[in-house]
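File shown: target_20.cif. Contents: mmCIF, N, CA, C and O atoms.
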data_model
#
loop_
_atom_site.label_atom_id
_atom_site.label_comp_id
_atom_site.auth_asym_id
_atom_site.auth_seq_id
_atom_site.Cartn_x
_atom_site.Cartn_y
_atom_site.Cartn_z
N MET A 1 18.36 87.82 57.64
CA MET A 1 19.39 86.80 57.70
C MET A 1 19.75 86.30 56.30
O MET A 1 20.90 86.23 55.95
N ASN A 2 18.72 85.94 55.52
CA ASN A 2 18.97 85.45 54.17
C ASN A 2 19.61 86.53 53.30
O ASN A 2 20.44 86.24 52.46
N THR A 3 19.20 87.77 53.50
CA THR A 3 19.75 88.89 52.74
C THR A 3 21.22 89.07 53.06
O THR A 3 22.03 89.27 52.16
N CYS A 4 21.56 88.96 54.33
CA CYS A 4 22.97 89.08 54.74
C CYS A 4 23.81 87.95 54.14
O CYS A 4 24.92 88.19 53.65
N LEU A 5 23.28 86.73 54.18
CA LEU A 5 23.99 85.59 53.62
C LEU A 5 24.17 85.75 52.12
O LEU A 5 25.28 85.52 51.60
N LEU A 6 23.13 86.17 51.44
CA LEU A 6 23.21 86.38 50.00
C LEU A 6 24.22 87.47 49.66
O LEU A 6 25.02 87.33 48.73
N SER A 7 24.21 88.54 50.43
CA SER A 7 25.16 89.64 50.21
C SER A 7 26.59 89.16 50.42
O SER A 7 27.49 89.48 49.64
N ALA A 8 26.79 88.38 51.48
CA ALA A 8 28.13 87.86 51.77
C ALA A 8 28.61 86.95 50.64
O ALA A 8 29.77 87.01 50.23
N LEU A 9 27.72 86.09 50.15
CA LEU A 9 28.10 85.20 49.05
C LEU A 9 28.41 85.99 47.78
O LEU A 9 29.34 85.65 47.04
N CYS A 10 27.64 87.03 47.51
CA CYS A 10 27.91 87.86 46.34
C CYS A 10 29.26 88.55 46.45
O CYS A 10 30.02 88.60 45.49
N LEU A 11 29.54 89.08 47.64
CA LEU A 11 30.84 89.73 47.85
C LEU A 11 31.98 88.73 47.71
O LEU A 11 33.01 89.03 47.11
N LEU A 12 31.80 87.54 48.27
CA LEU A 12 32.82 86.51 48.15
C LEU A 12 33.01 86.11 46.69
O LEU A 12 34.14 85.95 46.22
N GLY A 13 31.91 85.99 45.96
CA GLY A 13 32.00 85.65 44.55
C GLY A 13 32.70 86.73 43.74
O GLY A 13 33.53 86.44 42.88
N ALA A 14 32.40 87.99 44.04
CA ALA A 14 33.06 89.10 43.34
C ALA A 14 34.54 89.12 43.66
O ALA A 14 35.38 89.30 42.77
N TRP A 15 34.88 88.90 44.93
CA TRP A 15 36.29 88.87 45.31
C TRP A 15 37.03 87.73 44.62
O TRP A 15 38.12 87.91 44.09
N ALA A 16 36.40 86.56 44.57
CA ALA A 16 37.04 85.42 43.94
C ALA A 16 37.21 85.65 42.44
O ALA A 16 38.22 85.25 41.85
N THR A 17 36.24 86.30 41.82
CA THR A 17 36.34 86.60 40.40
C THR A 17 37.50 87.56 40.14
O THR A 17 38.26 87.39 39.20
N LEU A 18 37.63 88.55 40.99
CA LEU A 18 38.73 89.51 40.84
C LEU A 18 40.09 88.85 41.04
O LEU A 18 41.06 89.23 40.40
N THR A 19 40.16 87.87 41.92
CA THR A 19 41.43 87.19 42.15
C THR A 19 41.66 86.08 41.14
O THR A 19 42.72 85.49 41.11
N GLY A 20 40.65 85.79 40.33
CA GLY A 20 40.82 84.85 39.23
C GLY A 20 40.70 83.39 39.60
O GLY A 20 41.28 82.54 38.94
N GLY A 21 39.95 83.05 40.64
CA GLY A 21 39.83 81.64 40.98
C GLY A 21 38.56 81.31 41.72
O GLY A 21 37.85 82.18 42.20
N VAL A 22 38.31 80.02 41.81
CA VAL A 22 37.16 79.51 42.54
C VAL A 22 37.63 79.20 43.96
O VAL A 22 38.69 78.63 44.16
N ILE A 23 36.83 79.60 44.94
CA ILE A 23 37.14 79.39 46.34
C ILE A 23 36.23 78.30 46.88
O ILE A 23 35.02 78.32 46.64
N VAL A 24 36.80 77.35 47.60
CA VAL A 24 36.04 76.29 48.25
C VAL A 24 36.04 76.58 49.74
O VAL A 24 37.10 76.75 50.34
N LYS A 25 34.83 76.66 50.33
CA LYS A 25 34.71 76.93 51.76
C LYS A 25 34.22 75.69 52.48
O LYS A 25 33.36 74.99 51.99
N ASP A 26 34.82 75.46 53.65
CA ASP A 26 34.35 74.42 54.55
C ASP A 26 34.42 74.99 55.96
O ASP A 26 35.51 75.16 56.49
N GLY A 27 33.27 75.32 56.51
CA GLY A 27 33.25 75.96 57.82
C GLY A 27 33.96 77.30 57.77
O GLY A 27 33.66 78.14 56.94
N ASP A 28 34.94 77.48 58.65
CA ASP A 28 35.70 78.72 58.70
C ASP A 28 36.86 78.74 57.71
O ASP A 28 37.56 79.74 57.61
N PHE A 29 37.09 77.65 57.04
CA PHE A 29 38.22 77.55 56.12
C PHE A 29 37.82 77.90 54.69
O PHE A 29 36.73 77.57 54.25
N SER A 30 38.74 78.53 53.97
CA SER A 30 38.56 78.82 52.55
C SER A 30 39.83 78.42 51.82
O SER A 30 40.94 78.75 52.27
N PHE A 31 39.67 77.70 50.73
CA PHE A 31 40.81 77.22 49.96
C PHE A 31 40.55 77.47 48.48
O PHE A 31 39.42 77.46 48.03
N SER A 32 41.62 77.62 47.73
CA SER A 32 41.47 77.73 46.28
C SER A 32 41.14 76.35 45.74
O SER A 32 41.55 75.32 46.29
N LEU A 33 40.39 76.33 44.65
CA LEU A 33 40.06 75.05 44.01
C LEU A 33 41.33 74.36 43.56
O LEU A 33 41.42 73.13 43.59
N GLU A 34 42.34 75.12 43.19
CA GLU A 34 43.61 74.53 42.76
C GLU A 34 44.26 73.72 43.88
O GLU A 34 44.78 72.63 43.64
N SER A 35 44.22 74.22 45.11
CA SER A 35 44.78 73.48 46.24
C SER A 35 43.99 72.21 46.51
O SER A 35 44.56 71.17 46.83
N VAL A 36 42.67 72.29 46.35
CA VAL A 36 41.82 71.12 46.55
C VAL A 36 42.13 70.07 45.49
O VAL A 36 42.19 68.87 45.78
N LYS A 37 42.36 70.50 44.26
CA LYS A 37 42.73 69.57 43.19
C LYS A 37 44.08 68.92 43.48
O LYS A 37 44.27 67.72 43.24
N LYS A 38 45.03 69.70 44.02
CA LYS A 38 46.35 69.14 44.38
C LYS A 38 46.20 68.09 45.47
O LYS A 38 46.89 67.08 45.47
N LEU A 39 45.29 68.34 46.42
CA LEU A 39 45.03 67.37 47.47
C LEU A 39 44.55 66.06 46.87
O LEU A 39 45.02 64.98 47.24
N LYS A 40 43.62 66.13 45.95
CA LYS A 40 43.10 64.92 45.31
C LYS A 40 44.21 64.19 44.56
O LYS A 40 44.32 62.96 44.66
N ASP A 41 45.05 64.92 43.84
CA ASP A 41 46.17 64.29 43.13
C ASP A 41 47.09 63.57 44.12
O ASP A 41 47.55 62.46 43.86
N LEU A 42 47.35 64.21 45.24
CA LEU A 42 48.20 63.63 46.27
C LEU A 42 47.57 62.36 46.84
O LEU A 42 48.25 61.35 47.02
N GLN A 43 46.27 62.40 47.09
CA GLN A 43 45.57 61.22 47.60
C GLN A 43 45.66 60.07 46.61
O GLN A 43 45.90 58.93 46.98
N GLU A 44 45.48 60.38 45.33
CA GLU A 44 45.54 59.33 44.30
C GLU A 44 46.93 58.75 44.17
O GLU A 44 47.08 57.55 43.93
N LEU A 45 47.96 59.58 44.32
CA LEU A 45 49.33 59.09 44.25
C LEU A 45 49.67 58.18 45.42
O LEU A 45 50.46 57.24 45.28
N GLN A 46 49.11 58.45 46.57
CA GLN A 46 49.41 57.69 47.78
C GLN A 46 48.60 56.41 47.90
O GLN A 46 49.02 55.48 48.57
N GLU A 47 47.42 56.34 47.30
CA GLU A 47 46.53 55.19 47.46
C GLU A 47 47.17 53.85 47.10
O GLU A 47 47.00 52.89 47.83
N PRO A 48 47.92 53.72 46.00
CA PRO A 48 48.51 52.41 45.69
C PRO A 48 49.50 51.93 46.75
O PRO A 48 49.75 50.74 46.87
N ARG A 49 50.04 52.82 47.54
CA ARG A 49 51.03 52.44 48.56
C ARG A 49 50.40 52.00 49.87
O ARG A 49 51.10 51.56 50.77
N ILE A 50 49.11 52.15 49.99
CA ILE A 50 48.42 51.85 51.25
C ILE A 50 47.81 50.46 51.19
O ILE A 50 47.08 50.15 50.25
N PRO A 51 48.07 49.63 52.18
CA PRO A 51 47.45 48.30 52.19
C PRO A 51 45.93 48.40 52.23
O PRO A 51 45.38 49.32 52.83
N ARG A 52 45.26 47.47 51.60
CA ARG A 52 43.80 47.52 51.49
C ARG A 52 43.10 47.50 52.85
O ARG A 52 42.06 48.10 53.02
N ASN A 53 43.64 46.82 53.84
CA ASN A 53 42.97 46.71 55.13
C ASN A 53 43.31 47.85 56.08
O ASN A 53 42.88 47.86 57.22
N SER A 54 44.06 48.85 55.63
CA SER A 54 44.45 49.93 56.53
C SER A 54 43.38 51.00 56.69
O SER A 54 43.46 51.84 57.57
N GLY A 55 42.39 51.02 55.82
CA GLY A 55 41.32 52.01 55.93
C GLY A 55 41.61 53.29 55.16
O GLY A 55 40.87 54.26 55.27
N GLY A 56 42.69 53.36 54.43
CA GLY A 56 42.98 54.55 53.62
C GLY A 56 43.87 55.54 54.34
O GLY A 56 44.34 55.31 55.44
N LEU A 57 44.09 56.66 53.67
CA LEU A 57 44.94 57.71 54.23
C LEU A 57 44.21 58.42 55.35
O LEU A 57 43.05 58.78 55.22
N THR A 58 44.91 58.63 56.44
CA THR A 58 44.34 59.42 57.52
C THR A 58 44.88 60.84 57.41
O THR A 58 45.91 61.07 56.78
N ALA A 59 44.20 61.76 58.05
CA ALA A 59 44.62 63.16 57.99
C ALA A 59 46.06 63.36 58.44
O ALA A 59 46.83 64.03 57.75
N PRO A 60 46.50 62.76 59.57
CA PRO A 60 47.90 62.97 59.97
C PRO A 60 48.89 62.45 58.92
O PRO A 60 49.94 63.07 58.70
N ASN A 61 48.57 61.34 58.28
CA ASN A 61 49.46 60.82 57.25
C ASN A 61 49.54 61.76 56.05
O ASN A 61 50.62 62.03 55.53
N LEU A 62 48.40 62.24 55.61
CA LEU A 62 48.36 63.18 54.48
C LEU A 62 49.08 64.47 54.82
O LEU A 62 49.89 64.98 54.05
N CYS A 63 48.78 65.01 55.99
CA CYS A 63 49.34 66.30 56.39
C CYS A 63 50.86 66.25 56.55
O CYS A 63 51.53 67.27 56.43
N SER A 64 51.39 65.09 56.83
CA SER A 64 52.83 64.97 57.04
C SER A 64 53.61 64.84 55.73
O SER A 64 54.84 64.91 55.75
N LEU A 65 52.92 64.66 54.63
CA LEU A 65 53.61 64.53 53.34
C LEU A 65 54.23 65.87 52.95
O LEU A 65 53.61 66.92 53.12
N PRO A 66 55.46 65.85 52.42
CA PRO A 66 56.14 67.12 52.09
C PRO A 66 55.45 67.92 50.99
O PRO A 66 55.55 69.15 50.98
N ASN A 67 54.73 67.28 50.10
CA ASN A 67 54.08 68.01 49.01
C ASN A 67 52.60 68.28 49.28
O ASN A 67 51.85 68.61 48.37
N PHE A 68 52.19 68.17 50.55
CA PHE A 68 50.83 68.52 50.94
C PHE A 68 50.67 70.03 50.74
O PHE A 68 51.55 70.81 51.12
N PRO A 69 49.58 70.49 50.09
CA PRO A 69 49.42 71.92 49.80
C PRO A 69 49.50 72.80 51.06
O PRO A 69 48.79 72.56 52.04
N GLU A 70 50.36 73.80 51.03
CA GLU A 70 50.56 74.70 52.17
C GLU A 70 49.26 75.38 52.58
O GLU A 70 49.01 75.58 53.76
N GLU A 71 48.45 75.73 51.62
CA GLU A 71 47.19 76.43 51.90
C GLU A 71 46.26 75.58 52.78
O GLU A 71 45.46 76.12 53.54
N LEU A 72 46.39 74.26 52.70
CA LEU A 72 45.52 73.36 53.44
C LEU A 72 46.08 72.99 54.82
O LEU A 72 45.38 72.39 55.63
N ARG A 73 47.32 73.31 55.09
CA ARG A 73 47.98 72.90 56.35
C ARG A 73 47.24 73.34 57.61
O ARG A 73 47.21 72.58 58.58
N PRO A 74 46.62 74.52 57.68
CA PRO A 74 45.93 74.91 58.91
C PRO A 74 44.83 73.94 59.34
O PRO A 74 44.58 73.76 60.52
N LEU A 75 44.19 73.28 58.40
CA LEU A 75 43.12 72.36 58.77
C LEU A 75 43.66 71.09 59.42
O LEU A 75 42.94 70.39 60.12
N CYS A 76 44.95 70.81 59.25
CA CYS A 76 45.55 69.61 59.84
C CYS A 76 45.52 69.65 61.37
O CYS A 76 45.58 68.61 62.01
N LYS A 77 45.42 70.83 61.94
CA LYS A 77 45.39 70.99 63.40
C LYS A 77 43.99 70.81 63.97
O LYS A 77 43.82 70.77 65.18
N GLU A 78 43.00 70.73 63.11
CA GLU A 78 41.62 70.61 63.56
C GLU A 78 41.30 69.17 63.99
O GLU A 78 41.78 68.22 63.37
N PRO A 79 40.49 69.01 65.02
CA PRO A 79 40.12 67.65 65.45
C PRO A 79 39.29 66.89 64.41
O PRO A 79 39.31 65.66 64.38
N ASN A 80 38.60 67.61 63.54
CA ASN A 80 37.78 66.97 62.50
C ASN A 80 38.45 67.07 61.13
O ASN A 80 37.77 67.09 60.10
N ALA A 81 39.77 67.10 61.10
CA ALA A 81 40.51 67.26 59.85
C ALA A 81 40.16 66.17 58.84
O ALA A 81 40.04 66.44 57.64
N GLN A 82 39.98 64.94 59.31
CA GLN A 82 39.67 63.84 58.39
C GLN A 82 38.36 64.10 57.65
O GLN A 82 38.27 63.90 56.45
N LYS A 83 37.36 64.56 58.38
CA LYS A 83 36.06 64.84 57.75
C LYS A 83 36.18 65.97 56.74
O LYS A 83 35.58 65.92 55.66
N ILE A 84 36.95 66.99 57.07
CA ILE A 84 37.14 68.11 56.15
C ILE A 84 37.86 67.63 54.89
O ILE A 84 37.45 67.95 53.77
N LEU A 85 38.91 66.83 55.06
CA LEU A 85 39.64 66.31 53.90
C LEU A 85 38.73 65.43 53.04
O LEU A 85 38.81 65.47 51.81
N ASP A 86 37.88 64.65 53.68
CA ASP A 86 36.94 63.81 52.92
C ASP A 86 35.98 64.67 52.10
O ASP A 86 35.71 64.36 50.94
N ARG A 87 35.47 65.75 52.70
CA ARG A 87 34.55 66.63 51.96
C ARG A 87 35.28 67.32 50.81
O ARG A 87 34.74 67.45 49.71
N LEU A 88 36.50 67.78 51.06
CA LEU A 88 37.27 68.41 49.98
C LEU A 88 37.56 67.41 48.87
O LEU A 88 37.53 67.75 47.69
N GLY A 89 37.83 66.17 49.26
CA GLY A 89 38.06 65.12 48.26
C GLY A 89 36.83 64.88 47.40
O GLY A 89 36.94 64.65 46.19
N ALA A 90 35.66 64.95 48.01
CA ALA A 90 34.41 64.77 47.24
C ALA A 90 34.24 65.89 46.23
O ALA A 90 33.81 65.66 45.09
N ILE A 91 34.59 67.11 46.61
CA ILE A 91 34.50 68.24 45.68
C ILE A 91 35.53 68.08 44.57
O ILE A 91 35.24 68.28 43.40
N ALA A 92 36.73 67.65 44.94
CA ALA A 92 37.80 67.50 43.96
C ALA A 92 37.56 66.33 43.01
O ALA A 92 38.12 66.30 41.92
N ALA A 93 36.73 65.38 43.42
CA ALA A 93 36.45 64.23 42.56
C ALA A 93 35.82 64.66 41.25
O ALA A 93 35.99 64.02 40.22
N ASP A 94 35.08 65.76 41.28
CA ASP A 94 34.46 66.30 40.07
C ASP A 94 34.58 67.82 40.10
O ASP A 94 33.61 68.52 40.36
N PRO A 95 35.80 68.36 39.88
CA PRO A 95 36.01 69.80 40.01
C PRO A 95 35.21 70.63 39.03
O PRO A 95 34.92 71.78 39.30
N SER A 96 34.81 70.06 37.91
CA SER A 96 34.03 70.84 36.95
C SER A 96 32.69 71.23 37.56
O SER A 96 32.15 72.28 37.26
N THR A 97 32.16 70.38 38.45
CA THR A 97 30.91 70.71 39.14
C THR A 97 31.10 71.93 40.02
O THR A 97 30.24 72.80 40.09
N CYS A 98 32.25 72.02 40.67
CA CYS A 98 32.53 73.18 41.52
C CYS A 98 32.76 74.41 40.65
O CYS A 98 32.35 75.52 41.01
N GLU A 99 33.40 74.24 39.52
CA GLU A 99 33.70 75.37 38.66
C GLU A 99 32.43 76.01 38.10
O GLU A 99 32.43 77.17 37.74
N ILE A 100 31.33 75.24 38.05
CA ILE A 100 30.06 75.83 37.62
C ILE A 100 29.16 76.13 38.82
O ILE A 100 27.99 76.39 38.67
N CYS A 101 29.73 76.04 40.01
CA CYS A 101 29.05 76.39 41.27
C CYS A 101 27.83 75.53 41.59
O CYS A 101 26.83 76.04 42.08
N ALA A 102 27.92 74.24 41.35
CA ALA A 102 26.83 73.35 41.76
C ALA A 102 26.92 73.06 43.25
O ALA A 102 25.92 72.70 43.86
N TYR A 103 28.10 73.21 43.85
CA TYR A 103 28.26 73.01 45.28
C TYR A 103 28.05 74.33 46.00
O TYR A 103 28.55 75.36 45.58
N ALA A 104 27.36 74.29 47.11
CA ALA A 104 27.17 75.50 47.92
C ALA A 104 28.48 75.96 48.52
O ALA A 104 28.65 77.12 48.87
N ALA A 105 29.45 75.04 48.64
CA ALA A 105 30.74 75.37 49.25
C ALA A 105 31.66 76.13 48.31
O ALA A 105 32.72 76.58 48.71
N CYS A 106 31.28 76.27 47.07
CA CYS A 106 32.14 76.92 46.09
C CYS A 106 31.62 78.31 45.76
O CYS A 106 30.42 78.55 45.69
N ALA A 107 32.55 79.22 45.53
CA ALA A 107 32.18 80.59 45.14
C ALA A 107 33.21 81.09 44.15
O ALA A 107 34.34 80.63 44.13
N GLY A 108 32.83 82.04 43.35
CA GLY A 108 33.78 82.66 42.45
C GLY A 108 33.63 82.27 41.01
O GLY A 108 34.59 82.30 40.25
N CYS A 109 32.45 81.88 40.61
CA CYS A 109 32.23 81.48 39.22
C CYS A 109 32.24 82.68 38.29
O CYS A 109 31.83 83.74 38.65
#

In structure tokens, what does this structure look like?
Amino acid sequence: MNTCLLSALCLLGAWATLTGGVIVKDGDFSFSLESVKKLKDLQELQEPRIPRNSGGLTAPNLCSLPNFPEELRPLCKEPNAQKILDRLGAIAADPSTCEICAYAACAGC
């Protein structure tokens, strides 16, 4: 089992290296680090417009924005989209950590 997982991660890392980018995985979803960074930028742009007592941006609100990254749109249909967006936001908060593969969710260093 561990050998299969290690082999799969190595293959994913080699593929990501060949395509020239870092891949962020969350469950069955895979996104480029660039799309995750765009998501964080979008969240930061929208935060000043949200009242403090509203609880922040929800997944449907984010997903409905016209400049929401196309690569991330499939996750908007998931029932746990908010949790996925929160995890991606945590990775995007310090993308240099992902670029050096400190997160298990990142591949392609």

* Expansion of the PyMOL selection byres ((chain A and resi 70-72) around 8) into residues, as a PyMOL selection string -> chain A and resi 29-32+35-36+63+65-69+73-77

* So which residues of range 34-94 of chain A fall under alpha helix (DSSP H) by DSSP, listed as a ChimeraX atom specification? -> /A:34-46,59-63,81-93

* To do: Check the smallest atom-to-atom distance from each of A:Val22, A:Leu45, A:Leu62, A:Leu33 to Ala92 in chain A using all atoms listed in the file, then report the winner.
  =>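 Checking each of A:Val22, A:Leu45, A:Leu62, A:Leu33 against Ala92 in chain A, counting all atoms listed in the file, the winner is A:Leu33.
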